[in-house]
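> One structure, pasted below without further comment.
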Amino acid sequence: MREGTRYKIERFFKDSLIHLFLIIVAVTCIFPLLWMVGSSLKTQQAVFSDMSIIPKHPVWTNFYDAWTKGGFGVYFLNSIFYTVTVVSGIVIVSSLAAFAFSRLKFPGKNVLFYMFLGAMMIPLPGSFVPLYVLMTKLHLVNTRIGYILCMINVGLSFSIYLLKTFFDKMPPALEDAARIDGCSKLGIWWNVALPLARPAIAVIVIFNSLNVWNEYILATLIFSSKSLMPLQRGLMIFQGTHITQYPLLMAGMTITVLPIILVYLLMQKHIIKGITAGAIVG
Amino acid sequence: MRIRSNLENYLFVLPAVLIFSVFYIYPFYKVFTLSLCQWDGIANFNFSQNFIGLRNFKELIFQDKVWWQAIKQAGYITLIALIFQNALALVLAMACDRDIKGGNIYRVIFYLPPVLSEVVVGLVWRWIYDGNYGLLNYWLNSLGWSHLTMDWLSNPRTALICVAIIHCWKGFGWGFIIFLAGLQTIPRQLYEAARVDGANSWQIFKKVTIPLMIPVFILVSILTVLGTMQVFVLILSMTGGGPGYHTEVPVTRILASMVGSSRFGYACSQGIIFGVILLAVSFIQIRISKHMNKA
């Protein structure tokens with residue numbers, strides 16, 4: 001009995017220490033974000049004197065100014081547009097290809113599949129240089145479609161690989177049943193394969209959404225008109241021109257981060273599954 | 001019939017292959033041809049006229065001191081990430097692997113920095129580090145340590161380590177998730193059996209956890225090296241490579257060759273050399289890990 005209580009007390013102290021450590025790290029993770037949101041609610045005068053995290057008199061007009069004068073409204077809508085188009089493009093193109101690689105027979109199938117696989121393995125730093133040259137050649141610089149196609153390509157290999165491993169596990173009986181019912185190959189892809197692959201598609205959608213939303217370098221090289229730029233690019237431009245307008249910059253950053261955090265909190269289970277899957281592929 | 005069916009099947013992979021060929025294979029091939037040329041990116045490109053042989057590579061390897069400084073600095077950030085970021089990630093993962101209250105909440109919070117963009121992370125921390133208006137100096141002053149205040153990101157002695165710390169801040173959550181997933185595959189009975197045999201926590205860690213986690217360690221270390229060596233958006237948003245060249249890394253150098261000095265051929269040769277270095281490093285890591293697995 002005494003042994004038991006001693007063990008319990010020991011365990012309690014140990015757990016408290018662990019919690020303390022975990023809480024310190026957690027605070028370090030959240031603090032810069034709180035600071036960002038807090039500062040976005042201060043006036044330009046207060047931001048250099050009032051060092052409190054939560055301002056006493058929050059100024060919400062900063063968000064309005066950032067959205068209109070700062071141009072973040074345009075950037076935001078552009079980011080939404082690119083994310084939606086690129087991610088739908090990736091899902092359609094990669095699921096068609098993965099379905100073929102997994103379920104259909106044609107000469108050269110393995111060579112093509114390993115080509116996509118190889119692209120994931122070979123590091124190609126600075127690939128933005130030839131990509132930019134290509135875009136100039138095709139007159140796709142400063143166009144939405146050019147950026148969208150580039151970004152679809154970025155997410156393609158991983159998605160094809162993930163979906164193929166998923167389709168491989170699909171029971172052939174289902175496919176046969178659909179075929180007997182008169183389903184075409186395209187019909188099987190749409191009616192049987194895609195609904196079954198929903199978990200994999202969820203991972204692909206979330207992962208690529210984060211990736212497109214956070215992409216910076218291609219957006220920088222491809223776009224020169226502000227009306228076409230996504231948020232990350234817009235932030236750097238704003239930072240460069242209004243170097244110390246911190247409240248507006250922080251408001252712009254809050255606008256940039258908010259959708260990501262919302263999606264993350266709603267989907268964190270899928271995201272964490274995705275990282276593990278992604279790491280194993282890599 | 002057979003041929004028609006084949007053609008039909010090709011249609012399924014056609015969009016993917018088309019996009020992939022145009023936006024991956026063609027640039028891949030273009031890197032190699034451009035690296036042998038001198039070209040400003042504007043004038044009409046003509047391979048036989050612009051061809052200069054291996055001069056780009058010669059200059060890069062033997063004369064470009066900033067390039068090798070950039071490689072060294074990326075190596076420095078990588079070393080810090082490899083040691084501190086992963087150590088922190090492992091300790092946190094082990095703490096959360098116990099049946100601890102609120103483990104899920106911690107997990108959600110730790111993975112918050114990795115989902116943020118490098119631009120946002122860089123700009124927030126840039127301000128916190130700022131010499132005149134930064135929060136860090138403000139705190140140091142209020143603690144009475146004003147002799148420690150400085151312009152963190154403009155000081156050649158502190159800029160690189162500051163950037164490295166933020167890189168670790170952004171990255172440890174990722175390592176944490178992978179380590180945690182690895183730890184959770186270890187059967188609990190092994191721990192219980194070791195405990196019954198009288199092993200203490202340290203012995204269990206050394207004899208049970210570490211050997212079973214070696215594949216995960218290898219995976220994380222390879223991905224950390226590949227990821228950290230290629231870091232650059234964080235640096236663009238925090239320091240832009242400065243002060244001087246003190247936070248330059250290879251990819252910012254490639255970007256500078258391309259955008260700054262309009263030397264597209266040189267930028268491509270930098271990309272190739274750096275790609276080869278990365279391949280070599282991962283190859284060595286895989287060799288070492290195979291060796292460790294045998295031992």
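Each chain in the structure tokens gets a letter, A, B, ..., in the order shown, and its residues are numbered from 1; ligands are numbered from 1 in order too.
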I'd like the neighbourhood of Met94 (chain B) as a list in words, where a residue qualifies if any of its atoms comes within 10 Å (using only C-alpha atoms), though same-chain residues fewer than 3 positions away should be ignored.
Leu88, Ala89, Leu90, Val91, Asp97, Arg98, Phe176, Phe179, Leu180, Leu183, Gln184, Phe205 and Thr209 of chain B
> Got time to write the residues from that selection, C-alpha atoms, as a compact mmCIF listing (two decimals), in the first residue's frame?

# COMPACT_ATOMS: atom_id res chain seq x y z
CA LEU B 88 13.95 18.34 -29.17
CA ALA B 89 11.54 16.48 -31.44
CA LEU B 90 12.55 13.12 -29.97
CA VAL B 91 12.29 14.28 -26.35
CA ASP B 97 4.17 8.76 -26.08
CA ARG B 98 3.50 8.16 -22.36
CA PHE B 176 8.04 15.19 -33.55
CA PHE B 179 9.15 10.16 -34.10
CA LEU B 180 5.82 9.80 -32.30
CA LEU B 183 7.44 5.22 -31.05
CA GLN B 184 3.83 4.12 -31.20
CA PHE B 205 15.71 3.86 -23.63
CA THR B 209 13.77 2.36 -27.78
> For CA of Val141 (chain A) and CA of Phe128 (chain A), determine how far apart the two atoms are, in Å to one decimal place.
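These two atoms are separated by 12.5 Å.
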> Taking into account only C-alpha atoms, which residue in the set A:Ser49, A:Ser88, A:Ser102, A:Ser227 is nearest to Asn208 (chain A)?
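Under the stated criterion, the closest residue is A:Ser88.
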> Find the spatial neighbours of Ser225 (chain A), counting only C-alpha atoms, within a cut-off of 8 Å - ignore same-chain residues fewer than 3 positions away - and output them as a ChimeraX atom specification.
/A:142,228-229
> Emit the selected residues as a CSV table (one decimal), in the first residue's frame, including C-alpha atoms.

chain,number,residue,atom,x,y,z
A,142,ASN,CA,2.5,36.7,-65.8
A,228,LEU,CA,-2.4,38.3,-60.3
A,229,MET,CA,-0.3,37.7,-57.2
> At a cut-off of 9 Å, using only C-alpha atoms, what residues contact region 2-9 of chain B? Leave out same-chain residues fewer than 4 positions from it and give the result as a PDB file with C-alpha atoms, in the first residue's frame.

ATOM      1  CA  ALA A 100      -4.295   3.462 -65.207  1.00  0.00           C
ATOM      2  CA  LEU A 104      -5.156  -0.978 -66.775  1.00  0.00           C
ATOM      3  CA  LYS A 105      -2.660  -2.705 -69.054  1.00  0.00           C
ATOM      4  CA  PHE A 106      -0.616  -0.943 -71.686  1.00  0.00           C
ATOM      5  CA  PRO A 107       2.951  -1.178 -72.956  1.00  0.00           C
ATOM      6  CA  LYS A 185     -13.263   2.360 -67.749  1.00  0.00           C
TER       7      LYS A 185
ATOM      8  CA  VAL B  13      -2.097   8.811 -68.289  1.00  0.00           C
ATOM      9  CA  LEU B  14      -1.878  11.387 -71.074  1.00  0.00           C
TER      10      LEU B  14
END
> Excluding region 61-70 of chain A and any residue of its chain fewer than 6 positions from it, enumerate the residues within 7 Å of it, using only C-alpha atoms, and give them as an NGL selection string.
:A and (40-41 or 247-248 or 251-252)
> Any idea what's packed within 9 Å of Ile204 (chain A), counting only C-alpha atoms, ignoring anything in its chain fewer than 2 positions away? Could you give it as a count of residues only?
17
> Pick out the residues sitting within 10 Å of Gln270 (chain B), and hand them over as a VMD selection string; count only C-alpha atoms, and ignore anything fewer than 2 positions along from it in its own chain.
(chain A and resid 125 to 126) or (chain B and resid 31 35 56 to 57 60 to 61 67 250 to 251 253 to 255 257 264 to 268 272 to 276)
> Between CA of Val203 (chain A) and CA of Ala16 (chain B), what is the spacing in Å?
19.1 Å
> Please report the interatomic distance between CA of Gly53 (chain B) and CA of Phe23 (chain B) in Å with one decimal.
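Taking CA of Gly53 (chain B) and CA of Phe23 (chain B), their separation equals 25.6 Å.
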> If you run DSSP on this backbone, which residues of region 207-262 of chain B come out as alpha helix (DSSP H), and could you give them as a VMD selection string?
chain B and resid 210 to 229 233 to 238 250 to 255
> For each of A:Leu231, A:Met253, A:Ile271, A:Val205, take the minimum atom-to-atom distance to chain B, counting only C-alpha atoms, then give the residue where this is smallest.
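Nearest candidate to chain B out of A:Leu231, A:Met253, A:Ile271, A:Val205: A:Met253.
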> Find, counting only C-alpha atoms, the residue in A:Tyr216, A:Tyr82, A:Tyr7, A:Phe48 that gets nearest to Leu149 (chain A).
A:Tyr82
> Under the rule that only C-alpha atoms are counted, which of A:Gly71, A:Gly187, A:Pro230, A:Pro172 is the nearest residue to Ile148 (chain A)?
A:Pro230
> For each of A:Ile222, A:Leu210, A:Leu258, A:Ala97, take the minimum atom-to-atom distance to Leu186 (chain A), counting only C-alpha atoms, then give the residue where this is smallest.
A:Ala97
> Restricting the calculation to only C-alpha atoms, which member of B:Cys162, B:Ala181, B:Val249, B:Leu123 is positioned closest to Val231 (chain B)?
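For Val231 (chain B), the nearest of the given residues is B:Val249.
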